[in-house]
file target02.json (JSON, C-alpha atoms and all ligand atoms)
[["chain", "number", "residue", "atom", "x", "y", "z"],
["A", 1, "MET", "CA", 291.28, 159.15, 260.87],
["A", 2, "LYS", "CA", 288.74, 157.46, 263.07],
["A", 3, "ARG", "CA", 288.64, 160.54, 265.33],
["A", 4, "LYS", "CA", 288.18, 162.86, 262.34],
["A", 5, "ALA", "CA", 285.21, 160.79, 261.17],
["A", 6, "LEU", "CA", 283.69, 161.03, 264.64],
["A", 7, "TYR", "CA", 284.06, 164.82, 264.65],
["A", 8, "THR", "CA", 282.43, 164.99, 261.24],
["A", 9, "VAL", "CA", 279.47, 162.88, 262.36],
["A", 10, "ALA", "CA", 279.10, 164.98, 265.53],
["A", 11, "ALA", "CA", 279.23, 168.23, 263.56],
["A", 12, "CYS", "CA", 276.61, 166.93, 261.13],
["A", 13, "GLY", "CA", 274.43, 165.90, 264.08],
["A", 14, "VAL", "CA", 274.67, 169.33, 265.68],
["A", 15, "PHE", "CA", 273.90, 171.01, 262.37],
["A", 16, "LEU", "CA", 270.83, 168.80, 261.82],
["A", 17, "LEU", "CA", 269.58, 169.57, 265.34],
["A", 18, "PHE", "CA", 270.09, 173.28, 264.72],
["A", 19, "LEU", "CA", 268.20, 173.00, 261.44],
["A", 20, "ALA", "CA", 265.36, 171.09, 263.07],
["A", 21, "ALA", "CA", 265.06, 173.75, 265.79],
["A", 22, "ALA", "CA", 265.19, 176.58, 263.25],
["A", 23, "LEU", "CA", 262.50, 175.09, 261.02],
["A", 24, "ASP", "CA", 260.27, 173.79, 263.82],
["A", 25, "THR", "CA", 256.67, 174.69, 263.02],
["A", 26, "ARG", "CA", 254.96, 172.88, 265.87],
["A", 27, "LEU", "CA", 252.30, 174.98, 267.57],
["A", 28, "ARG", "CA", 253.49, 176.76, 270.69],
["A", 29, "MET", "CA", 251.59, 178.46, 273.46],
["A", 30, "VAL", "CA", 252.35, 182.04, 274.52],
["A", 31, "THR", "CA", 250.75, 183.69, 277.55],
["A", 32, "TYR", "CA", 250.66, 187.39, 278.37],
["A", 33, "GLU", "CA", 249.34, 188.50, 281.74],
["A", 34, "ILE", "CA", 247.96, 192.00, 281.92],
["A", 35, "SER", "CA", 246.95, 193.45, 285.28],
["A", 36, "THR", "CA", 244.31, 196.12, 285.54],
["A", 37, "GLU", "CA", 242.31, 197.97, 288.16],
["A", 38, "LYS", "CA", 239.28, 197.87, 285.85],
["A", 39, "LEU", "CA", 238.52, 194.20, 286.54],
["A", 40, "GLU", "CA", 237.30, 192.31, 289.56],
["A", 41, "GLN", "CA", 237.56, 188.84, 288.01],
["A", 42, "GLU", "CA", 240.17, 187.25, 285.76],
["A", 43, "ILE", "CA", 239.38, 186.96, 282.06],
["A", 44, "ARG", "CA", 241.16, 184.57, 279.69],
["A", 45, "LEU", "CA", 241.19, 185.39, 276.00],
["A", 46, "ALA", "CA", 242.59, 183.07, 273.34],
["A", 47, "VAL", "CA", 243.92, 184.90, 270.27],
["A", 48, "LEU", "CA", 244.06, 183.20, 266.88],
["A", 49, "ALA", "CA", 245.61, 185.24, 264.10],
["A", 50, "ASP", "CA", 246.74, 184.53, 260.56],
["A", 51, "LEU", "CA", 245.59, 180.94, 260.36],
["A", 52, "HIS", "CA", 245.51, 181.38, 256.57],
["A", 53, "SER", "CA", 243.41, 178.20, 256.28],
["A", 54, "CYS", "CA", 246.36, 176.09, 257.45],
["A", 55, "ALA", "CA", 245.95, 172.60, 258.85],
["A", 56, "TYR", "CA", 246.65, 171.57, 262.44],
["A", 57, "GLY", "CA", 246.08, 167.83, 262.41],
["A", 58, "GLU", "CA", 242.97, 165.91, 261.50],
["A", 59, "ASP", "CA", 239.89, 168.13, 261.92],
["A", 60, "GLN", "CA", 242.18, 170.84, 263.37],
["A", 61, "ARG", "CA", 242.40, 168.77, 266.57],
["A", 62, "GLU", "CA", 245.86, 170.02, 267.49],
["A", 63, "LEU", "CA", 244.74, 173.64, 267.45],
["A", 64, "LEU", "CA", 241.35, 172.99, 269.04],
["A", 65, "ASP", "CA", 242.89, 170.93, 271.85],
["A", 66, "ALA", "CA", 245.41, 173.71, 272.51],
["A", 67, "VAL", "CA", 242.57, 176.24, 272.83],
["A", 68, "LYS", "CA", 240.54, 173.92, 275.06],
["A", 69, "ALA", "CA", 243.53, 173.40, 277.38],
["A", 70, "GLN", "CA", 243.50, 177.14, 278.13],
["A", 71, "SER", "CA", 239.78, 177.29, 279.05],
["A", 72, "PRO", "CA", 239.32, 180.73, 277.51],
["A", 73, "ASP", "CA", 236.31, 182.91, 278.24],
["A", 74, "ALA", "CA", 236.32, 184.06, 274.62],
["A", 75, "VAL", "CA", 238.28, 183.67, 271.40],
["A", 76, "LEU", "CA", 239.58, 186.67, 269.47],
["A", 77, "LEU", "CA", 240.10, 186.02, 265.74],
["A", 78, "ALA", "CA", 242.49, 188.75, 264.65],
["A", 79, "GLY", "CA", 242.24, 188.48, 260.87],
["A", 80, "ASP", "CA", 243.58, 186.44, 257.94],
["A", 81, "ILE", "CA", 241.84, 183.37, 259.28],
["A", 82, "VAL", "CA", 240.83, 182.52, 255.71],
["A", 83, "ASP", "CA", 243.52, 182.63, 253.02],
["A", 84, "ASP", "CA", 243.07, 184.04, 249.53],
["A", 85, "MET", "CA", 245.00, 181.20, 247.88],
["A", 86, "LEU", "CA", 244.42, 178.02, 249.92],
["A", 87, "PRO", "CA", 241.06, 176.22, 250.12],
["A", 88, "GLU", "CA", 238.94, 177.48, 253.03],
["A", 89, "GLU", "CA", 237.92, 174.13, 254.56],
["A", 90, "ASN", "CA", 240.56, 174.09, 257.29],
["A", 91, "ALA", "CA", 239.59, 177.57, 258.43],
["A", 92, "TRP", "CA", 235.89, 176.70, 258.65],
["A", 93, "THR", "CA", 236.59, 173.41, 260.44],
["A", 94, "ALA", "CA", 238.37, 175.39, 263.16],
["A", 95, "ILE", "CA", 235.82, 178.21, 263.26],
["A", 96, "SER", "CA", 232.76, 175.95, 263.48],
["A", 97, "ALA", "CA", 234.27, 174.02, 266.40],
["A", 98, "LEU", "CA", 235.49, 177.13, 268.23],
["A", 99, "ALA", "CA", 232.20, 178.99, 267.83],
["A", 100, "ALA", "CA", 230.31, 175.98, 269.18],
["A", 101, "ASP", "CA", 232.28, 176.16, 272.42],
["A", 102, "TYR", "CA", 233.26, 179.81, 272.98],
["A", 103, "PRO", "CA", 232.06, 183.35, 272.27],
["A", 104, "CYS", "CA", 234.14, 184.36, 269.24],
["A", 105, "PHE", "CA", 234.91, 187.84, 267.89],
["A", 106, "TYR", "CA", 236.47, 188.47, 264.49],
["A", 107, "VAL", "CA", 238.10, 191.24, 262.49],
["A", 108, "THR", "CA", 239.07, 190.98, 258.84],
["A", 109, "GLY", "CA", 242.65, 190.81, 257.57],
["A", 110, "ASN", "CA", 244.14, 191.85, 254.25],
["A", 111, "HIS", "CA", 244.07, 188.34, 252.76],
["A", 112, "GLU", "CA", 240.35, 188.10, 253.34],
["A", 113, "TRP", "CA", 239.95, 191.32, 251.37],
["A", 114, "TRP", "CA", 242.29, 190.02, 248.66],
["A", 115, "ALA", "CA", 240.09, 186.93, 248.42],
["A", 116, "GLY", "CA", 237.48, 189.39, 247.14],
["A", 117, "GLU", "CA", 234.74, 187.83, 249.20],
["A", 118, "THR", "CA", 234.92, 189.59, 252.53],
["A", 119, "GLU", "CA", 231.15, 189.97, 252.82],
["A", 120, "ARG", "CA", 230.61, 186.25, 252.27],
["A", 121, "ILE", "CA", 233.39, 185.39, 254.73],
["A", 122, "CYS", "CA", 231.84, 187.66, 257.38],
["A", 123, "ARG", "CA", 228.39, 186.18, 256.71],
["A", 124, "THR", "CA", 229.79, 182.66, 257.08],
["A", 125, "MET", "CA", 231.44, 183.68, 260.34],
["A", 126, "GLU", "CA", 228.05, 184.93, 261.56],
["A", 127, "GLN", "CA", 226.35, 181.70, 260.49],
["A", 128, "TYR", "CA", 228.73, 179.80, 262.74],
["A", 129, "GLY", "CA", 227.99, 182.22, 265.59],
["A", 130, "VAL", "CA", 231.12, 184.34, 265.34],
["A", 131, "ILE", "CA", 230.65, 188.09, 265.76],
["A", 132, "PRO", "CA", 232.47, 190.16, 263.13],
["A", 133, "LEU", "CA", 233.44, 193.56, 264.56],
["A", 134, "ARG", "CA", 233.50, 196.09, 261.74],
["A", 135, "GLY", "CA", 233.55, 199.48, 263.34],
["A", 136, "ALA", "CA", 231.55, 198.21, 266.27],
["A", 137, "SER", "CA", 232.09, 197.29, 269.87],
["A", 138, "MET", "CA", 230.05, 195.37, 272.36],
["A", 139, "CYS", "CA", 229.99, 194.52, 276.02],
["A", 140, "PHE", "CA", 231.06, 190.99, 276.76],
["A", 141, "SER", "CA", 230.22, 189.32, 280.05],
["A", 142, "THR", "CA", 232.01, 186.22, 281.27],
["A", 143, "ALA", "CA", 230.23, 183.36, 283.03],
["A", 144, "ASN", "CA", 231.22, 184.85, 286.40],
["A", 145, "GLY", "CA", 229.77, 188.26, 285.50],
["A", 146, "GLN", "CA", 232.88, 190.25, 284.64],
["A", 147, "VAL", "CA", 232.14, 192.70, 281.84],
["A", 148, "ILE", "CA", 234.58, 194.16, 279.33],
["A", 149, "ARG", "CA", 234.09, 195.91, 276.01],
["A", 150, "ILE", "CA", 235.49, 194.40, 272.81],
["A", 151, "GLY", "CA", 235.67, 196.45, 269.62],
["A", 152, "GLY", "CA", 237.15, 195.88, 266.22],
["A", 153, "VAL", "CA", 237.88, 197.40, 262.85],
["A", 154, "ASP", "CA", 238.23, 196.03, 259.34],
["A", 155, "ASP", "CA", 241.64, 195.78, 257.72],
["A", 156, "PRO", "CA", 242.71, 199.05, 255.99],
["A", 157, "GLU", "CA", 242.06, 197.29, 252.64],
["A", 158, "SER", "CA", 238.41, 198.09, 253.38],
["A", 159, "GLY", "CA", 239.11, 201.81, 253.04],
["A", 160, "ALA", "CA", 237.00, 202.28, 256.15],
["A", 161, "LEU", "CA", 239.53, 202.01, 258.94],
["A", 162, "ASP", "CA", 239.50, 205.64, 260.10],
["A", 163, "ALA", "CA", 235.71, 205.91, 260.09],
["A", 164, "GLN", "CA", 235.31, 202.58, 261.85],
["A", 165, "LEU", "CA", 237.96, 203.45, 264.43],
["A", 166, "ALA", "CA", 236.11, 206.68, 265.24],
["A", 167, "GLN", "CA", 232.89, 204.72, 265.70],
["A", 168, "VAL", "CA", 234.56, 202.30, 268.10],
["A", 169, "GLY", "CA", 236.36, 205.15, 269.87],
["A", 170, "GLU", "CA", 233.04, 206.89, 270.55],
["A", 171, "THR", "CA", 231.88, 203.93, 272.61],
["A", 172, "LEU", "CA", 234.80, 204.11, 275.03],
["A", 173, "ASP", "CA", 233.93, 204.20, 278.70],
["A", 174, "GLU", "CA", 236.98, 205.00, 280.80],
["A", 175, "ASN", "CA", 235.70, 202.82, 283.64],
["A", 176, "MET", "CA", 235.37, 199.69, 281.53],
["A", 177, "PHE", "CA", 238.32, 197.65, 280.26],
["A", 178, "THR", "CA", 238.19, 197.99, 276.48],
["A", 179, "ILE", "CA", 239.94, 195.98, 273.79],
["A", 180, "LEU", "CA", 240.44, 196.99, 270.17],
["A", 181, "MET", "CA", 240.99, 194.22, 267.64],
["A", 182, "ALA", "CA", 242.81, 195.48, 264.53],
["A", 183, "HIS", "CA", 244.67, 193.18, 262.16],
["A", 184, "ARG", "CA", 247.72, 195.34, 261.44],
["A", 185, "PRO", "CA", 250.00, 196.34, 264.32],
["A", 186, "GLU", "CA", 251.74, 199.06, 262.32],
["A", 187, "GLY", "CA", 248.60, 201.17, 262.74],
["A", 188, "ILE", "CA", 249.29, 201.48, 266.46],
["A", 189, "GLU", "CA", 249.76, 205.27, 266.44],
["A", 190, "THR", "CA", 246.40, 205.67, 264.71],
["A", 191, "TYR", "CA", 244.70, 203.36, 267.20],
["A", 192, "ARG", "CA", 246.25, 205.27, 270.10],
["A", 193, "GLN", "CA", 244.13, 208.32, 269.27],
["A", 194, "TYR", "CA", 241.62, 206.54, 271.48],
["A", 195, "ALA", "CA", 242.17, 205.24, 274.99],
["A", 196, "PHE", "CA", 241.91, 201.51, 274.46],
["A", 197, "ASP", "CA", 243.32, 199.49, 277.33],
["A", 198, "LEU", "CA", 244.51, 196.71, 275.05],
["A", 199, "ILE", "CA", 245.03, 196.38, 271.31],
["A", 200, "VAL", "CA", 245.26, 192.94, 269.70],
["A", 201, "SER", "CA", 246.82, 192.41, 266.27],
["A", 202, "GLY", "CA", 248.49, 189.83, 264.04],
["A", 203, "HIS", "CA", 249.61, 190.23, 260.43],
["A", 204, "ALA", "CA", 253.39, 190.44, 261.02],
["A", 205, "HIS", "CA", 253.92, 186.64, 261.24],
["A", 206, "GLY", "CA", 256.69, 187.21, 263.77],
["A", 207, "GLY", "CA", 258.82, 188.88, 261.12],
["A", 208, "GLN", "CA", 259.16, 185.40, 259.50],
["A", 209, "TRP", "CA", 262.84, 184.89, 260.46],
["A", 210, "ARG", "CA", 263.97, 185.38, 264.02],
["A", 211, "ILE", "CA", 267.16, 184.95, 266.00],
["A", 212, "PRO", "CA", 266.12, 184.37, 269.59],
["A", 213, "VAL", "CA", 267.32, 187.14, 271.93],
["A", 214, "PHE", "CA", 269.04, 189.05, 269.09],
["A", 215, "LEU", "CA", 266.42, 189.62, 266.41],
["A", 216, "ASN", "CA", 262.64, 189.74, 266.88],
["A", 217, "GLY", "CA", 261.78, 189.40, 263.21],
["A", 218, "LEU", "CA", 263.54, 190.17, 259.95],
["A", 219, "TYR", "CA", 260.68, 191.44, 257.79],
["A", 220, "ALA", "CA", 256.97, 192.13, 258.19],
["A", 221, "PRO", "CA", 254.49, 193.41, 255.62],
["A", 222, "GLY", "CA", 253.69, 197.08, 256.20],
["A", 223, "GLN", "CA", 256.73, 197.52, 258.42],
["A", 224, "GLY", "CA", 259.61, 196.38, 256.20],
["A", 225, "PHE", "CA", 262.90, 195.06, 257.51],
["A", 226, "PHE", "CA", 263.56, 194.84, 261.26],
["A", 227, "PRO", "CA", 259.92, 195.53, 262.18],
["A", 228, "THR", "CA", 259.19, 197.12, 265.53],
["A", 229, "TYR", "CA", 255.97, 195.21, 266.03],
["A", 230, "ALA", "CA", 256.87, 191.75, 264.68],
["A", 231, "GLY", "CA", 255.31, 189.89, 267.56],
["A", 232, "GLY", "CA", 255.05, 189.96, 271.32],
["A", 233, "ARG", "CA", 253.82, 192.34, 273.95],
["A", 234, "TYR", "CA", 254.43, 196.09, 273.79],
["A", 235, "ASP", "CA", 253.64, 198.09, 276.90],
["A", 236, "MET", "CA", 253.11, 201.80, 276.28],
["A", 237, "ASN", "CA", 252.15, 204.62, 278.62],
["A", 238, "ASP", "CA", 248.49, 204.49, 277.78],
["A", 239, "THR", "CA", 247.89, 201.01, 276.35],
["A", 240, "THR", "CA", 249.30, 197.55, 275.70],
["A", 241, "LEU", "CA", 249.67, 196.12, 272.22],
["A", 242, "VAL", "CA", 249.75, 192.34, 271.83],
["A", 243, "VAL", "CA", 250.88, 191.10, 268.42],
["A", 244, "SER", "CA", 250.39, 187.41, 267.68],
["A", 245, "ARG", "CA", 253.07, 185.80, 265.54],
["A", 246, "GLY", "CA", 250.21, 183.92, 263.96],
["A", 247, "LEU", "CA", 249.44, 180.40, 262.82],
["A", 248, "ALA", "CA", 250.43, 180.45, 259.14],
["A", 249, "ARG", "CA", 252.47, 177.46, 258.05],
["A", 250, "GLU", "CA", 251.97, 175.87, 254.62],
["A", 251, "SER", "CA", 250.39, 179.06, 253.24],
["A", 252, "THR", "CA", 253.77, 180.79, 253.30],
["A", 253, "LYS", "CA", 256.43, 180.03, 250.68],
["A", 254, "VAL", "CA", 259.25, 181.45, 252.81],
["A", 255, "PRO", "CA", 259.84, 179.17, 255.81],
["A", 256, "ARG", "CA", 259.49, 180.42, 259.36],
["A", 257, "ILE", "CA", 262.89, 180.37, 261.07],
["A", 258, "PHE", "CA", 263.07, 180.18, 264.87],
["A", 259, "ASN", "CA", 259.51, 181.40, 264.68],
["A", 260, "ARG", "CA", 257.08, 178.71, 265.70],
["A", 261, "PRO", "CA", 253.41, 179.43, 264.99],
["A", 262, "GLU", "CA", 251.66, 180.43, 268.16],
["A", 263, "LEU", "CA", 248.39, 180.41, 269.99],
["A", 264, "VAL", "CA", 248.25, 183.40, 272.32],
["A", 265, "LEU", "CA", 246.47, 183.49, 275.64],
["A", 266, "ILE", "CA", 245.86, 186.90, 277.21],
["A", 267, "GLN", "CA", 245.18, 186.65, 280.88],
["A", 268, "LEU", "CA", 243.55, 189.82, 282.22],
["A", 269, "THR", "CA", 243.94, 189.88, 285.96],
["A", 270, "PRO", "CA", 242.55, 192.32, 288.53],
["A", 271, "ILE", "CA", 244.89, 194.34, 290.68],
["A", 272, "SER", "CA", 243.71, 193.65, 294.19],
["A", 301, "FE", "FE", 247.68, 190.07, 257.22]]

call {"tool": "encode", "arguments": {"input": "target02.json", "output": "structure tokens"}}
result
Amino acid sequence: MKRKALYTVAACGVFLLFLAAALDTRLRMVTYEISTEKLEQEIRLAVLADLHSCAYGEDQRELLDAVKAQSPDAVLLAGDIVDDMLPEENAWTAISALAADYPCFYVTGNHEWWAGETERICRTMEQYGVIPLRGASMCFSTANGQVIRIGGVDDPESGALDAQLAQVGETLDENMFTILMAHRPEGIETYRQYAFDLIVSGHAHGGQWRIPVFLNGLYAPGQGFFPTYAGGRYDMNDTTLVVSRGLARESTKVPRIFNRPELVLIQLTPIS
């Protein structure tokens, strides 16, 4: 009897540990290293996607400290930073601090369009010093003089994706490493009409439920069940797609399972 009770307690303990691991929503860091002949110096890019106005400690310290620890050259804000349902304060606390310390580039996500105030959100981004990329691209130079081009398009909710993509595509220079920021990864075949070296997206939230090794995401908006581009790095012949699993926590009714919110660092390294 005593032994049976011990087994029961042990089984409960294991189950609780499993549950805690499955529902863990602590921020994690993910790094992708991409080597290219188009660079002479390393560039470090922090990617924040799908914050959805969620909170990461007092004054967003947890998130801001995680970014600072990576010493990025720039921050890419890949859409749905502001939520359409939650108050915006947490998003602006993070944005104001990030923009004070790093060059920041932003593209809109669907929830910012659903909020119905995309223009105001973009204006507020600009007031903090963030550059919204809406069918535009620009050369970005790091402190050590390495130049890349960063372009971006609005979410398809804008109705302007194709036109904006063409505008960004026209600016491509095959000798310069060029990044496209586009919120939705499922548009990858459309984006691949143009020779971007790297495409950065979010939106899929890691497919919400994952089973490590076996299942990289159960469901993602725009892709349905068993999404191809739920999160991670996808190397293709002509480009690399990086999909952030995003930072959404309390904004989502359905819990994340084995799918910790993530801050992504993209490390662009020269091939010597
Ligand atoms: Fe989204």

call {"tool": "atom_distance", "arguments": {"input": "target02.json", "atom1": "CA of Arg233 (chain A)", "atom2": "CA of Val67 (chain A)"}}
result
19.7 Å

call {"tool": "residues_around", "arguments": {"input": "target02.json", "residues": "region 92-97 of chain A", "least_positions_apart": "5", "cutoff": "9 Å", "atoms": "all atoms listed in the file", "output": "compact mmCIF listing (two decimals) with C-alpha atoms, in the frame of the given file"}}
result
# COMPACT_ATOMS: atom_id res chain seq x y z
CA SER A 53 243.41 178.20 256.28
CA ASP A 59 239.89 168.13 261.92
CA GLN A 60 242.18 170.84 263.37
CA ARG A 61 242.40 168.77 266.57
CA LEU A 63 244.74 173.64 267.45
CA LEU A 64 241.35 172.99 269.04
CA ILE A 81 241.84 183.37 259.28
CA VAL A 82 240.83 182.52 255.71
CA TYR A 102 233.26 179.81 272.98
CA CYS A 104 234.14 184.36 269.24
CA THR A 124 229.79 182.66 257.08
CA MET A 125 231.44 183.68 260.34
CA TYR A 128 228.73 179.80 262.74
CA GLY A 129 227.99 182.22 265.59
CA VAL A 130 231.12 184.34 265.34

call {"tool": "closest_residue", "arguments": {"input": "target02.json", "among": "A:Ala74, A:Ala55, A:Ala69, A:Ala21", "to": "Glu89 (chain A)", "atoms": "only C-alpha atoms"}}
result
A:Ala55

call {"tool": "residues_around", "arguments": {"input": "target02.json", "residues": "region 161-177 of chain A", "least_positions_apart": "2", "cutoff": "9 Å", "atoms": "only C-alpha atoms", "output": "VMD selection string"}}
result
chain A and resid 36 to 39 134 to 138 147 to 159 179 to 180 190 to 191 193 to 198

call {"tool": "write_last_selection", "arguments": {"input": "target02.json", "atoms": "C-alpha atoms", "output": "PDB file, in the coordinates of the input"}}
result
ATOM      1  CA  THR A  36     244.310 196.120 285.540  1.00  0.00           C
ATOM      2  CA  GLU A  37     242.310 197.970 288.160  1.00  0.00           C
ATOM      3  CA  LYS A  38     239.280 197.870 285.850  1.00  0.00           C
ATOM      4  CA  LEU A  39     238.520 194.200 286.540  1.00  0.00           C
ATOM      5  CA  ARG A 134     233.500 196.090 261.740  1.00  0.00           C
ATOM      6  CA  GLY A 135     233.550 199.480 263.340  1.00  0.00           C
ATOM      7  CA  ALA A 136     231.550 198.210 266.270  1.00  0.00           C
ATOM      8  CA  SER A 137     232.090 197.290 269.870  1.00  0.00           C
ATOM      9  CA  MET A 138     230.050 195.370 272.360  1.00  0.00           C
ATOM     10  CA  VAL A 147     232.140 192.700 281.840  1.00  0.00           C
ATOM     11  CA  ILE A 148     234.580 194.160 279.330  1.00  0.00           C
ATOM     12  CA  ARG A 149     234.090 195.910 276.010  1.00  0.00           C
ATOM     13  CA  ILE A 150     235.490 194.400 272.810  1.00  0.00           C
ATOM     14  CA  GLY A 151     235.670 196.450 269.620  1.00  0.00           C
ATOM     15  CA  GLY A 152     237.150 195.880 266.220  1.00  0.00           C
ATOM     16  CA  VAL A 153     237.880 197.400 262.850  1.00  0.00           C
ATOM     17  CA  ASP A 154     238.230 196.030 259.340  1.00  0.00           C
ATOM     18  CA  ASP A 155     241.640 195.780 257.720  1.00  0.00           C
ATOM     19  CA  PRO A 156     242.710 199.050 255.990  1.00  0.00           C
ATOM     20  CA  GLU A 157     242.060 197.290 252.640  1.00  0.00           C
ATOM     21  CA  SER A 158     238.410 198.090 253.380  1.00  0.00           C
ATOM     22  CA  GLY A 159     239.110 201.810 253.040  1.00  0.00           C
ATOM     23  CA  ILE A 179     239.940 195.980 273.790  1.00  0.00           C
ATOM     24  CA  LEU A 180     240.440 196.990 270.170  1.00  0.00           C
ATOM     25  CA  THR A 190     246.400 205.670 264.710  1.00  0.00           C
ATOM     26  CA  TYR A 191     244.700 203.360 267.200  1.00  0.00           C
ATOM     27  CA  GLN A 193     244.130 208.320 269.270  1.00  0.00           C
ATOM     28  CA  TYR A 194     241.620 206.540 271.480  1.00  0.00           C
ATOM     29  CA  ALA A 195     242.170 205.240 274.990  1.00  0.00           C
ATOM     30  CA  PHE A 196     241.910 201.510 274.460  1.00  0.00           C
ATOM     31  CA  ASP A 197     243.320 199.490 277.330  1.00  0.00           C
ATOM     32  CA  LEU A 198     244.510 196.710 275.050  1.00  0.00           C
TER      33      LEU A 198
END

call {"tool": "closest_residue", "arguments": {"input": "target02.json", "among": "A:Ile121, A:Ile131, A:Leu218, A:Val200", "to": "Val243 (chain A)", "atoms": "all atoms listed in the file"}}
result
A:Val200

call {"tool": "atom_distance", "arguments": {"input": "target02.json", "atom1": "CA of Ile188 (chain A)", "atom2": "CA of Ala78 (chain A)"}}
result
14.5 Å

call {"tool": "closest_residue", "arguments": {"input": "target02.json", "among": "A:Gln146, A:Asn110, A:Thr31, A:Gln223", "to": "ligand FE 301 (chain A)", "atoms": "all atoms listed in the file"}}
result
A:Asn110

call {"tool": "closest_residue", "arguments": {"input": "target02.json", "among": "A:Ala182, A:Leu247, A:Leu268, A:Ile257", "to": "Leu19 (chain A)", "atoms": "all atoms listed in the file"}}
result
A:Ile257
